[in-house]
$ cat input-v8.cif   # mmCIF, C-alpha atoms and all ligand atoms
data_query
#
loop_
_atom_site.group_PDB
_atom_site.id
_atom_site.type_symbol
_atom_site.label_atom_id
_atom_site.label_comp_id
_atom_site.auth_asym_id
_atom_site.auth_seq_id
_atom_site.Cartn_x
_atom_site.Cartn_y
_atom_site.Cartn_z
ATOM 1 C CA MET D 5 -0.877 39.405 -68.296
ATOM 2 C CA ALA D 6 -1.133 41.156 -65.007
ATOM 3 C CA LEU D 7 -4.058 39.356 -63.450
ATOM 4 C CA VAL D 8 -3.230 39.255 -59.747
ATOM 5 C CA ASN D 9 -4.902 38.786 -56.413
ATOM 6 C CA THR D 10 -4.959 41.668 -53.958
ATOM 7 C CA LYS D 11 -2.173 40.444 -51.624
ATOM 8 C CA LYS D 12 0.653 42.622 -52.905
ATOM 9 C CA MET D 13 -1.686 45.574 -53.527
ATOM 10 C CA PHE D 14 -2.923 45.525 -49.939
ATOM 11 C CA GLU D 15 0.544 45.008 -48.533
ATOM 12 C CA MET D 16 1.814 48.111 -50.334
ATOM 13 C CA ALA D 17 -1.374 50.083 -49.684
ATOM 14 C CA TYR D 18 -1.175 49.368 -45.965
ATOM 15 C CA LYS D 19 2.498 50.158 -45.754
ATOM 16 C CA ASN D 20 2.302 53.355 -47.737
ATOM 17 C CA GLY D 21 -1.030 54.688 -46.477
ATOM 18 C CA TYR D 22 -3.285 54.548 -49.490
ATOM 19 C CA ALA D 23 -6.233 52.478 -50.693
ATOM 20 C CA VAL D 24 -6.869 50.778 -54.021
ATOM 21 C CA GLY D 25 -10.058 51.836 -55.809
ATOM 22 C CA ALA D 26 -12.511 49.026 -56.576
ATOM 23 C CA PHE D 27 -14.924 49.697 -59.397
ATOM 24 C CA ASN D 28 -17.907 47.704 -60.641
ATOM 25 C CA VAL D 29 -18.006 46.365 -64.178
ATOM 26 C CA ASN D 30 -21.485 46.713 -65.662
ATOM 27 C CA ASN D 31 -20.917 47.375 -69.337
ATOM 28 C CA MET D 32 -18.239 48.190 -71.878
ATOM 29 C CA GLU D 33 -18.329 51.998 -71.687
ATOM 30 C CA ILE D 34 -18.060 52.141 -67.899
ATOM 31 C CA THR D 35 -15.176 49.678 -67.925
ATOM 32 C CA GLN D 36 -13.360 51.547 -70.686
ATOM 33 C CA GLY D 37 -13.731 54.790 -68.747
ATOM 34 C CA ILE D 38 -12.258 53.088 -65.671
ATOM 35 C CA ILE D 39 -9.273 51.480 -67.394
ATOM 36 C CA ASP D 40 -8.467 54.609 -69.424
ATOM 37 C CA ALA D 41 -8.191 56.546 -66.162
ATOM 38 C CA VAL D 42 -6.228 53.825 -64.391
ATOM 39 C CA ALA D 43 -3.772 53.454 -67.288
ATOM 40 C CA GLU D 44 -3.286 57.200 -67.461
ATOM 41 C CA GLU D 45 -2.696 57.468 -63.708
ATOM 42 C CA LYS D 46 -0.656 54.244 -63.527
ATOM 43 C CA ALA D 47 -2.722 52.869 -60.649
ATOM 44 C CA PRO D 48 -3.404 49.326 -59.484
ATOM 45 C CA LEU D 49 -6.979 48.252 -60.189
ATOM 46 C CA ILE D 50 -9.667 46.095 -58.623
ATOM 47 C CA LEU D 51 -12.585 45.365 -60.922
ATOM 48 C CA GLN D 52 -15.596 43.730 -59.391
ATOM 49 C CA VAL D 53 -18.766 42.045 -60.476
ATOM 50 C CA SER D 54 -21.963 42.211 -58.446
ATOM 51 C CA ARG D 55 -25.114 40.173 -58.683
ATOM 52 C CA GLY D 56 -26.902 43.145 -60.242
ATOM 53 C CA GLY D 57 -24.147 43.403 -62.863
ATOM 54 C CA ARG D 58 -24.523 39.720 -63.753
ATOM 55 C CA LYS D 59 -28.271 40.070 -64.008
ATOM 56 C CA TYR D 60 -27.865 43.043 -66.329
ATOM 57 C CA ALA D 61 -25.056 41.919 -68.629
ATOM 58 C CA SER D 62 -24.365 38.227 -67.788
ATOM 59 C CA LEU D 63 -21.120 36.970 -66.342
ATOM 60 C CA SER D 64 -19.759 35.796 -69.700
ATOM 61 C CA TYR D 65 -19.989 39.264 -71.246
ATOM 62 C CA LEU D 66 -18.513 40.944 -68.175
ATOM 63 C CA ARG D 67 -15.725 38.389 -68.012
ATOM 64 C CA ALA D 68 -14.884 38.924 -71.688
ATOM 65 C CA ILE D 69 -14.659 42.693 -71.115
ATOM 66 C CA ILE D 70 -12.375 42.133 -68.115
ATOM 67 C CA ASP D 71 -10.172 39.797 -70.156
ATOM 68 C CA VAL D 72 -9.602 42.563 -72.699
ATOM 69 C CA VAL D 73 -8.670 44.989 -69.914
ATOM 70 C CA VAL D 74 -6.091 42.546 -68.550
ATOM 71 C CA GLU D 75 -4.694 41.665 -71.967
ATOM 72 C CA GLU D 76 -4.309 45.219 -73.171
ATOM 73 C CA ASN D 77 -2.748 46.573 -69.975
ATOM 74 C CA PRO D 78 0.210 44.373 -69.024
ATOM 75 C CA ASP D 79 1.674 47.136 -66.825
ATOM 76 C CA ILE D 80 -1.416 47.469 -64.660
ATOM 77 C CA PRO D 81 -1.956 44.913 -61.883
ATOM 78 C CA VAL D 82 -5.644 43.974 -62.126
ATOM 79 C CA ALA D 83 -7.496 41.970 -59.484
ATOM 80 C CA ILE D 84 -11.008 40.728 -60.161
ATOM 81 C CA ASN D 85 -13.360 40.381 -57.265
ATOM 82 C CA LEU D 86 -16.814 38.938 -56.728
ATOM 83 C CA ASP D 87 -18.747 41.685 -54.910
ATOM 84 C CA HIS D 88 -21.112 40.532 -52.123
ATOM 85 C CA GLY D 89 -21.135 36.787 -52.779
ATOM 86 C CA ASP D 90 -23.973 35.523 -50.633
ATOM 87 C CA ASN D 91 -23.050 31.885 -50.060
ATOM 88 C CA PHE D 92 -20.304 29.292 -50.443
ATOM 89 C CA GLU D 93 -21.594 27.975 -53.771
ATOM 90 C CA THR D 94 -21.504 31.386 -55.444
ATOM 91 C CA CYS D 95 -17.988 32.034 -54.161
ATOM 92 C CA LYS D 96 -16.842 28.604 -55.345
ATOM 93 C CA GLN D 97 -18.279 29.296 -58.788
ATOM 94 C CA PHE D 98 -16.238 32.512 -59.050
ATOM 95 C CA VAL D 99 -13.043 30.917 -57.784
ATOM 96 C CA ASP D 100 -13.532 28.228 -60.435
ATOM 97 C CA ALA D 101 -14.193 30.919 -63.057
ATOM 98 C CA GLY D 102 -10.739 32.417 -62.454
ATOM 99 C CA PHE D 103 -11.562 35.377 -60.228
ATOM 100 C CA THR D 104 -8.585 36.287 -58.046
ATOM 101 C CA SER D 105 -10.662 37.507 -55.118
ATOM 102 C CA VAL D 106 -14.110 36.715 -53.753
ATOM 103 C CA MET D 107 -16.181 38.476 -51.176
ATOM 104 C CA ILE D 108 -18.329 36.326 -48.947
ATOM 105 C CA ASP D 109 -20.979 38.486 -47.345
ATOM 106 C CA ALA D 110 -22.576 36.476 -44.559
ATOM 107 C CA SER D 111 -22.896 39.559 -42.380
ATOM 108 C CA LYS D 112 -26.614 39.064 -41.934
ATOM 109 C CA GLN D 113 -25.990 35.666 -40.345
ATOM 110 C CA PRO D 114 -25.217 35.280 -36.655
ATOM 111 C CA PHE D 115 -21.551 35.860 -35.749
ATOM 112 C CA GLU D 116 -20.577 32.179 -35.437
ATOM 113 C CA GLU D 117 -22.338 31.277 -38.685
ATOM 114 C CA ASN D 118 -20.572 34.146 -40.483
ATOM 115 C CA ILE D 119 -17.213 32.796 -39.263
ATOM 116 C CA LYS D 120 -18.136 29.275 -40.349
ATOM 117 C CA VAL D 121 -19.148 30.090 -43.931
ATOM 118 C CA THR D 122 -16.263 32.563 -44.368
ATOM 119 C CA LYS D 123 -13.828 29.873 -43.212
ATOM 120 C CA GLN D 124 -15.347 27.423 -45.676
ATOM 121 C CA VAL D 125 -14.765 29.883 -48.530
ATOM 122 C CA VAL D 126 -11.211 30.564 -47.303
ATOM 123 C CA GLU D 127 -10.439 26.844 -47.277
ATOM 124 C CA TYR D 128 -11.591 26.521 -50.870
ATOM 125 C CA ALA D 129 -10.019 29.747 -52.143
ATOM 126 C CA HIS D 130 -6.565 29.810 -50.547
ATOM 127 C CA PRO D 131 -5.136 26.640 -52.142
ATOM 128 C CA ARG D 132 -6.192 28.167 -55.483
ATOM 129 C CA ASP D 133 -4.343 31.438 -54.752
ATOM 130 C CA VAL D 134 -7.596 33.361 -54.424
ATOM 131 C CA VAL D 135 -8.083 35.836 -51.571
ATOM 132 C CA VAL D 136 -11.245 36.284 -49.540
ATOM 133 C CA GLU D 137 -12.925 39.473 -48.396
ATOM 134 C CA ALA D 138 -15.504 39.063 -45.647
ATOM 135 C CA GLU D 139 -17.962 41.412 -43.990
ATOM 136 C CA LEU D 140 -18.751 41.994 -40.356
ATOM 137 C CA GLY D 141 -21.401 44.251 -38.884
ATOM 138 C CA GLN D 142 -24.117 45.877 -40.892
ATOM 139 C CA LEU D 143 -23.558 48.438 -43.601
ATOM 140 C CA GLY D 144 -26.286 50.893 -44.326
ATOM 141 C CA GLY D 145 -28.185 51.904 -47.444
ATOM 142 C CA ILE D 146 -29.193 49.943 -50.493
ATOM 143 C CA GLU D 147 -26.793 48.493 -53.047
ATOM 144 C CA GLU D 148 -28.784 46.708 -55.707
ATOM 145 C CA ASP D 149 -30.323 43.872 -53.713
ATOM 146 C CA VAL D 150 -28.083 44.307 -50.678
ATOM 147 C CA VAL D 151 -30.247 46.184 -48.176
ATOM 148 C CA GLY D 152 -28.528 47.540 -45.086
ATOM 149 C CA VAL D 153 -29.526 49.027 -41.778
ATOM 150 C CA GLU D 154 -31.197 52.430 -41.402
ATOM 151 C CA ASP D 155 -29.019 54.231 -38.896
ATOM 152 C CA VAL D 156 -25.373 53.396 -39.586
ATOM 153 C CA SER D 157 -24.071 55.320 -36.589
ATOM 154 C CA LYS D 158 -25.695 52.677 -34.346
ATOM 155 C CA HIS D 159 -24.093 49.774 -36.208
ATOM 156 C CA VAL D 160 -20.382 50.406 -36.051
ATOM 157 C CA ALA D 161 -18.167 47.297 -35.862
ATOM 158 C CA ASP D 162 -16.997 46.060 -32.461
ATOM 159 C CA PRO D 163 -13.166 45.797 -32.497
ATOM 160 C CA ASN D 164 -13.247 42.764 -30.152
ATOM 161 C CA GLN D 165 -15.466 40.912 -32.597
ATOM 162 C CA VAL D 166 -13.308 41.990 -35.522
ATOM 163 C CA VAL D 167 -10.180 40.473 -33.995
ATOM 164 C CA GLU D 168 -11.938 37.207 -33.149
ATOM 165 C CA PHE D 169 -13.565 37.065 -36.578
ATOM 166 C CA VAL D 170 -10.321 37.573 -38.486
ATOM 167 C CA GLU D 171 -8.408 35.042 -36.396
ATOM 168 C CA LYS D 172 -11.075 32.342 -36.619
ATOM 169 C CA SER D 173 -12.174 32.779 -40.230
ATOM 170 C CA GLY D 174 -8.761 33.317 -41.844
ATOM 171 C CA CYS D 175 -10.141 35.976 -44.215
ATOM 172 C CA ASP D 176 -7.641 38.187 -46.067
ATOM 173 C CA SER D 177 -9.520 41.460 -45.736
ATOM 174 C CA LEU D 178 -12.646 42.641 -44.017
ATOM 175 C CA ALA D 179 -15.402 45.112 -44.782
ATOM 176 C CA VAL D 180 -16.276 46.707 -41.486
ATOM 177 C CA ALA D 181 -19.194 48.931 -40.637
ATOM 178 C CA CYS D 182 -17.597 52.288 -39.827
ATOM 179 C CA GLY D 183 -20.370 54.734 -40.647
ATOM 180 C CA THR D 184 -20.518 54.408 -44.439
ATOM 181 C CA SER D 185 -23.596 53.465 -46.414
ATOM 182 C CA HIS D 186 -24.486 52.228 -49.902
ATOM 183 C CA GLY D 187 -26.234 54.376 -52.502
ATOM 184 C CA ALA D 188 -26.976 58.058 -53.150
ATOM 185 C CA TYR D 189 -29.586 58.727 -50.451
ATOM 186 C CA LYS D 190 -27.762 57.297 -47.531
ATOM 187 C CA PHE D 191 -27.457 60.151 -45.089
ATOM 188 C CA LYS D 192 -29.763 62.773 -43.661
ATOM 189 C CA SER D 193 -26.808 64.863 -42.521
ATOM 190 C CA GLU D 194 -23.100 64.792 -43.293
ATOM 191 C CA PRO D 195 -21.788 61.478 -41.954
ATOM 192 C CA LYS D 196 -18.966 61.080 -39.481
ATOM 193 C CA LEU D 197 -16.843 58.000 -39.997
ATOM 194 C CA ALA D 198 -15.838 56.058 -36.898
ATOM 195 C CA PHE D 199 -12.122 56.762 -37.198
ATOM 196 C CA ASP D 200 -11.584 55.677 -33.590
ATOM 197 C CA VAL D 201 -12.888 52.208 -34.472
ATOM 198 C CA ILE D 202 -10.749 52.002 -37.622
ATOM 199 C CA GLN D 203 -7.750 53.107 -35.567
ATOM 200 C CA GLU D 204 -8.393 50.580 -32.803
ATOM 201 C CA ILE D 205 -8.785 47.719 -35.259
ATOM 202 C CA GLY D 206 -5.550 48.837 -36.898
ATOM 203 C CA ASP D 207 -3.746 48.807 -33.546
ATOM 204 C CA ARG D 208 -4.983 45.335 -32.691
ATOM 205 C CA LEU D 209 -4.526 43.783 -36.144
ATOM 206 C CA PRO D 210 -1.410 45.481 -37.487
ATOM 207 C CA GLY D 211 -1.010 44.994 -41.220
ATOM 208 C CA PHE D 212 -4.521 43.654 -41.721
ATOM 209 C CA PRO D 213 -6.350 45.327 -44.639
ATOM 210 C CA LEU D 214 -9.821 46.767 -44.105
ATOM 211 C CA VAL D 215 -12.321 47.510 -46.841
ATOM 212 C CA MET D 216 -14.772 50.384 -47.139
ATOM 213 C CA HIS D 217 -18.089 49.868 -48.912
ATOM 214 C CA GLY D 218 -20.641 52.583 -49.501
ATOM 215 C CA SER D 219 -17.943 55.225 -49.761
ATOM 216 C CA SER D 220 -19.090 57.263 -52.727
ATOM 217 C CA SER D 221 -19.150 60.969 -52.015
ATOM 218 C CA VAL D 222 -22.202 61.870 -54.139
ATOM 219 C CA LEU D 223 -20.485 65.039 -55.323
ATOM 220 C CA ARG D 224 -22.799 68.048 -55.256
ATOM 221 C CA GLU D 225 -21.589 69.227 -58.656
ATOM 222 C CA PHE D 226 -22.903 66.089 -60.369
ATOM 223 C CA VAL D 227 -26.200 65.946 -58.490
ATOM 224 C CA ASP D 228 -26.717 69.595 -59.466
ATOM 225 C CA LEU D 229 -25.969 68.815 -63.126
ATOM 226 C CA ILE D 230 -28.468 65.947 -63.082
ATOM 227 C CA ASN D 231 -31.109 68.206 -61.555
ATOM 228 C CA LYS D 232 -30.268 71.058 -63.934
ATOM 229 C CA TYR D 233 -30.810 68.848 -66.970
ATOM 230 C CA GLY D 234 -34.191 67.495 -65.976
ATOM 231 C CA GLY D 235 -33.300 65.010 -63.254
ATOM 232 C CA ASP D 236 -34.832 64.844 -59.831
ATOM 233 C CA MET D 237 -32.418 63.847 -57.076
ATOM 234 C CA PRO D 238 -33.221 65.861 -53.983
ATOM 235 C CA ASN D 239 -31.178 65.380 -50.811
ATOM 236 C CA ALA D 240 -28.580 63.041 -52.265
ATOM 237 C CA MET D 241 -25.540 62.950 -49.971
ATOM 238 C CA GLY D 242 -22.401 60.872 -49.495
ATOM 239 C CA VAL D 243 -19.189 60.443 -47.524
ATOM 240 C CA PRO D 244 -16.922 63.535 -47.759
ATOM 241 C CA GLU D 245 -13.812 62.820 -49.808
ATOM 242 C CA GLU D 246 -11.526 64.089 -47.014
ATOM 243 C CA SER D 247 -12.931 61.325 -44.803
ATOM 244 C CA VAL D 248 -12.222 58.710 -47.470
ATOM 245 C CA SER D 249 -8.639 59.980 -47.873
ATOM 246 C CA LYS D 250 -8.147 59.955 -44.108
ATOM 247 C CA ALA D 251 -9.499 56.389 -43.774
ATOM 248 C CA ALA D 252 -7.089 55.262 -46.504
ATOM 249 C CA LYS D 253 -4.212 56.370 -44.300
ATOM 250 C CA LEU D 254 -5.517 54.358 -41.340
ATOM 251 C CA GLY D 255 -5.539 50.857 -42.792
ATOM 252 C CA ILE D 256 -8.450 50.971 -45.230
ATOM 253 C CA CYS D 257 -6.817 49.306 -48.264
ATOM 254 C CA LYS D 258 -9.779 48.982 -50.626
ATOM 255 C CA VAL D 259 -12.447 51.566 -51.302
ATOM 256 C CA ASN D 260 -15.489 50.580 -53.335
ATOM 257 C CA ILE D 261 -16.790 53.340 -55.594
ATOM 258 C CA ASP D 262 -19.836 52.855 -57.781
ATOM 259 C CA THR D 263 -22.468 55.517 -57.117
ATOM 260 C CA ASP D 264 -20.158 58.412 -58.060
ATOM 261 C CA LEU D 265 -19.464 56.805 -61.455
ATOM 262 C CA ARG D 266 -23.176 56.343 -62.077
ATOM 263 C CA LEU D 267 -23.799 59.992 -61.252
ATOM 264 C CA ALA D 268 -21.058 61.202 -63.614
ATOM 265 C CA LEU D 269 -22.363 59.061 -66.487
ATOM 266 C CA THR D 270 -25.973 60.076 -65.914
ATOM 267 C CA ALA D 271 -25.162 63.786 -65.611
ATOM 268 C CA LYS D 272 -23.261 63.748 -68.912
ATOM 269 C CA ILE D 273 -25.927 61.833 -70.820
ATOM 270 C CA ARG D 274 -28.629 64.172 -69.483
ATOM 271 C CA GLN D 275 -26.553 67.148 -70.588
ATOM 272 C CA VAL D 276 -26.215 65.823 -74.142
ATOM 273 C CA PHE D 277 -29.943 65.087 -74.333
ATOM 274 C CA ALA D 278 -30.807 68.549 -73.015
ATOM 275 C CA GLU D 279 -28.402 70.416 -75.284
ATOM 276 C CA ILE D 280 -28.926 68.376 -78.459
ATOM 277 C CA PRO D 281 -32.521 67.126 -78.335
ATOM 278 C CA GLY D 282 -32.188 65.712 -81.867
ATOM 279 C CA GLU D 283 -29.312 63.378 -80.966
ATOM 280 C CA PHE D 284 -30.130 59.727 -81.441
ATOM 281 C CA ASP D 285 -26.740 58.111 -82.086
ATOM 282 C CA PRO D 286 -25.876 56.216 -78.864
ATOM 283 C CA ARG D 287 -22.175 56.780 -79.515
ATOM 284 C CA LYS D 288 -22.762 60.519 -79.251
ATOM 285 C CA TYR D 289 -24.016 60.294 -75.662
ATOM 286 C CA LEU D 290 -22.353 57.099 -74.432
ATOM 287 C CA GLY D 291 -18.998 58.427 -75.678
ATOM 288 C CA PRO D 292 -19.178 61.620 -73.586
ATOM 289 C CA GLY D 293 -20.564 59.475 -70.743
ATOM 290 C CA ARG D 294 -17.501 57.249 -70.940
ATOM 291 C CA GLU D 295 -15.321 60.352 -70.855
ATOM 292 C CA ALA D 296 -17.122 61.535 -67.701
ATOM 293 C CA ILE D 297 -16.424 58.149 -66.068
ATOM 294 C CA ARG D 298 -12.760 58.515 -66.972
ATOM 295 C CA GLU D 299 -12.512 61.947 -65.355
ATOM 296 C CA MET D 300 -14.333 60.797 -62.244
ATOM 297 C CA VAL D 301 -12.091 57.741 -61.836
ATOM 298 C CA ARG D 302 -8.936 59.815 -62.317
ATOM 299 C CA HIS D 303 -10.138 62.121 -59.572
ATOM 300 C CA LYS D 304 -10.992 59.188 -57.273
ATOM 301 C CA LEU D 305 -7.580 57.574 -57.729
ATOM 302 C CA HIS D 306 -6.098 60.699 -56.166
ATOM 303 C CA VAL D 307 -8.687 60.726 -53.379
ATOM 304 C CA VAL D 308 -7.762 57.176 -52.318
ATOM 305 C CA GLY D 309 -4.084 57.810 -53.071
ATOM 306 C CA CYS D 310 -3.300 54.921 -55.454
ATOM 307 C CA ALA D 311 -2.396 57.023 -58.508
ATOM 308 C CA GLY D 312 1.162 56.204 -59.613
ATOM 309 C CA LYS D 313 1.299 52.996 -57.551
ATOM 310 C CA ALA D 314 0.847 50.357 -60.276
ATOM 311 C CA ALA D 315 4.488 49.302 -60.464
ATOM 312 C CA GLU D 316 4.962 48.718 -56.731
ATOM 313 C CA CYS D 317 1.844 46.517 -56.655
ATOM 314 C CA MET D 318 2.981 44.124 -59.419
HETATM 315 ZN ZN ZN U 401 -20.901 46.777 -50.882
#
$ encode --input "input-v8.cif" --output "structure tokens"
Amino acid sequence: MALVNTKKMFEMAYKNGYAVGAFNVNNMEITQGIIDAVAEEKAPLILQVSRGGRKYASLSYLRAIIDVVVEENPDIPVAINLDHGDNFETCKQFVDAGFTSVMIDASKQPFEENIKVTKQVVEYAHPRDVVVEAELGQLGGIEEDVVGVEDVSKHVADPNQVVEFVEKSGCDSLAVACGTSHGAYKFKSEPKLAFDVIQEIGDRLPGFPLVMHGSSSVLREFVDLINKYGGDMPNAMGVPEESVSKAAKLGICKVNIDTDLRLALTAKIRQVFAEIPGEFDPRKYLGPGREAIREMVRHKLHVVGCAGKAAECM
């Protein structure tokens, strides 16, 4: 059993200048693709469950899938995180359900209220050895039912507020607005991450792990495949992978990646349907889809730099 919280992972990630990839669990094939890649690359792993995922598959199914991942991979440190918990009760429920990390997202609340509810979650989670990710500032784009601001460049986190927030709330990691955005249609032009802000926060909170949401790169190759095989995704654009790699060296310890996995799966399934119109065995398109997830995750583990780091994070 290598079910862990993210403490050691973030400590090593911070020290050695990489980030741990966090991937959403929505069904069996996606999760198998993720763990196959992680096992092959010997990387630490954060699996997370969002509200949309629970609505789609139910927590009990997702939890059972995660349990198999943990059981079958004793050499891989696996943390399980609640993604975007919206209030204390939800976070409490996930702490009680055995999650090792919870995110409380009260970023839409006023600053003081955000501190207050985050602190409440911290006080419940810490005695149970569960870590807490919080969010400050407004992320852009749309992630399931989490709707962000329109122009992310105007909503970059204020380092003064970050320091005060971390000190008062006691959170273990923080998602900061630094120019990223959720989804596949997030930018009108290539985005510039606010590296100066990330750097300043790093200088003022040495050793403190930051988290990047909305950091899929929406790789052209996969959008083109989707469009080639009958899809219609004009103008999809993401965060360049070089920017993600650079952020990982500056104190970003967790990078959430979901959209790029969805694109890989969708592109592959569309290809099978286009090339073999008579195919009706789900295993014959979900199988290749799972394989596409595996390849994408392997690639991403190198982008964030956590390939080969499983052992040091145990
Ligand atoms: Zn998010």
$ closest_residue --input "input-v8.cif" --among "D:Glu168, D:Glu33, D:Asp262, D:Asp162" --to "ligand ZN 401 (chain U)" --atoms "all atoms listed in the file"
D:Asp262
$ residues_around --input "input-v8.cif" --residues "stretch 69-73 of chain D" --least-positions-apart "5" --cutoff "12 Å" --atoms "only C-alpha atoms" --output "ChimeraX atom specification"
/D:5-7,27-40,42-43,49-53,61-64,78-85,102-103
$ atom_distance --input "input-v8.cif" --atom1 "atom CA of D:Tyr60" --atom2 "atom CA of D:His88"
15.9 Å
$ resolve_selection --input "input-v8.cif" --expression "the PyMOL selection byres (((not hetatm)) within 12 of (chain U and resi 401))" --output "tab-separated table (two decimals) with C-alpha atoms, keeping the file's coordinate frame"
chain	number	residue	atom	x	y	z
D	26	ALA	CA	-12.51	49.03	-56.58
D	27	PHE	CA	-14.92	49.70	-59.40
D	28	ASN	CA	-17.91	47.70	-60.64
D	52	GLN	CA	-15.60	43.73	-59.39
D	53	VAL	CA	-18.77	42.04	-60.48
D	54	SER	CA	-21.96	42.21	-58.45
D	55	ARG	CA	-25.11	40.17	-58.68
D	56	GLY	CA	-26.90	43.14	-60.24
D	85	ASN	CA	-13.36	40.38	-57.26
D	86	LEU	CA	-16.81	38.94	-56.73
D	87	ASP	CA	-18.75	41.68	-54.91
D	88	HIS	CA	-21.11	40.53	-52.12
D	89	GLY	CA	-21.14	36.79	-52.78
D	90	ASP	CA	-23.97	35.52	-50.63
D	107	MET	CA	-16.18	38.48	-51.18
D	108	ILE	CA	-18.33	36.33	-48.95
D	109	ASP	CA	-20.98	38.49	-47.34
D	111	SER	CA	-22.90	39.56	-42.38
D	137	GLU	CA	-12.92	39.47	-48.40
D	138	ALA	CA	-15.50	39.06	-45.65
D	139	GLU	CA	-17.96	41.41	-43.99
D	140	LEU	CA	-18.75	41.99	-40.36
D	142	GLN	CA	-24.12	45.88	-40.89
D	143	LEU	CA	-23.56	48.44	-43.60
D	144	GLY	CA	-26.29	50.89	-44.33
D	145	GLY	CA	-28.18	51.90	-47.44
D	146	ILE	CA	-29.19	49.94	-50.49
D	147	GLU	CA	-26.79	48.49	-53.05
D	148	GLU	CA	-28.78	46.71	-55.71
D	149	ASP	CA	-30.32	43.87	-53.71
D	150	VAL	CA	-28.08	44.31	-50.68
D	151	VAL	CA	-30.25	46.18	-48.18
D	152	GLY	CA	-28.53	47.54	-45.09
D	178	LEU	CA	-12.65	42.64	-44.02
D	179	ALA	CA	-15.40	45.11	-44.78
D	180	VAL	CA	-16.28	46.71	-41.49
D	181	ALA	CA	-19.19	48.93	-40.64
D	184	THR	CA	-20.52	54.41	-44.44
D	185	SER	CA	-23.60	53.46	-46.41
D	186	HIS	CA	-24.49	52.23	-49.90
D	187	GLY	CA	-26.23	54.38	-52.50
D	215	VAL	CA	-12.32	47.51	-46.84
D	216	MET	CA	-14.77	50.38	-47.14
D	217	HIS	CA	-18.09	49.87	-48.91
D	218	GLY	CA	-20.64	52.58	-49.50
D	219	SER	CA	-17.94	55.22	-49.76
D	220	SER	CA	-19.09	57.26	-52.73
D	258	LYS	CA	-9.78	48.98	-50.63
D	259	VAL	CA	-12.45	51.57	-51.30
D	260	ASN	CA	-15.49	50.58	-53.34
D	261	ILE	CA	-16.79	53.34	-55.59
D	262	ASP	CA	-19.84	52.86	-57.78
D	263	THR	CA	-22.47	55.52	-57.12
$ closest_residue --input "input-v8.cif" --among "D:Glu44, D:Glu245, D:Glu295, D:Asp236" --to "D:Val308" --atoms "only C-alpha atoms"
D:Glu245
$ atom_distance --input "input-v8.cif" --atom1 "atom CA of D:Ala251" --atom2 "atom CA of D:Ile202"
7.7 Å
$ resolve_selection --input "input-v8.cif" --expression "the PyMOL selection byres (((chain D and resi 300) around 10) and not hetatm)" --output "mmCIF file with C-alpha atoms, in the coordinates of the input"
data_model
loop_
_atom_site.group_PDB
_atom_site.id
_atom_site.type_symbol
_atom_site.label_atom_id
_atom_site.label_comp_id
_atom_site.auth_asym_id
_atom_site.auth_seq_id
_atom_site.Cartn_x
_atom_site.Cartn_y
_atom_site.Cartn_z
ATOM 1 C CA GLY D 37 -13.731 54.790 -68.747
ATOM 2 C CA ILE D 38 -12.258 53.088 -65.671
ATOM 3 C CA ALA D 41 -8.191 56.546 -66.162
ATOM 4 C CA ASP D 264 -20.158 58.412 -58.060
ATOM 5 C CA LEU D 265 -19.464 56.805 -61.455
ATOM 6 C CA ARG D 266 -23.176 56.343 -62.077
ATOM 7 C CA LEU D 267 -23.799 59.992 -61.252
ATOM 8 C CA ALA D 268 -21.058 61.202 -63.614
ATOM 9 C CA LEU D 269 -22.363 59.061 -66.487
ATOM 10 C CA ARG D 294 -17.501 57.249 -70.940
ATOM 11 C CA GLU D 295 -15.321 60.352 -70.855
ATOM 12 C CA ALA D 296 -17.122 61.535 -67.701
ATOM 13 C CA ILE D 297 -16.424 58.149 -66.068
ATOM 14 C CA ARG D 298 -12.760 58.515 -66.972
ATOM 15 C CA GLU D 299 -12.512 61.947 -65.355
ATOM 16 C CA VAL D 301 -12.091 57.741 -61.836
ATOM 17 C CA ARG D 302 -8.936 59.815 -62.317
ATOM 18 C CA HIS D 303 -10.138 62.121 -59.572
ATOM 19 C CA LYS D 304 -10.992 59.188 -57.273
ATOM 20 C CA LEU D 305 -7.580 57.574 -57.729
#
$ resolve_selection --input "input-v8.cif" --expression "the PyMOL selection byres (((chain D and resi 247-249) around 8) and not hetatm)" --output "PyMOL selection string"
chain D and resi 22+197+219+243-246+250-253+307-309
$ closest_residue --input "input-v8.cif" --among "D:Gly255, D:Gly183, D:Pro131, D:Gly141" --to "D:Ala23" --atoms "only C-alpha atoms"
D:Gly255
$ closest_residue --input "input-v8.cif" --among "D:Phe212, D:Tyr189, D:Tyr289, D:Tyr128" --to "D:Lys11" --atoms "only C-alpha atoms"
D:Phe212
$ residues_around --input "input-v8.cif" --residues "D:Asn9" --least-positions-apart "4" --cutoff "7 Å" --atoms "all atoms listed in the file" --output "JSON, numbers by chain"
{"D": [83, 104, 105, 134, 135]}
$ residues_around --input "input-v8.cif" --residues "D:Asp200" --least-positions-apart "6" --cutoff "10 Å" --atoms "only C-alpha atoms" --output "list in words"
Cys182, Gly206 and Leu254 of chain D
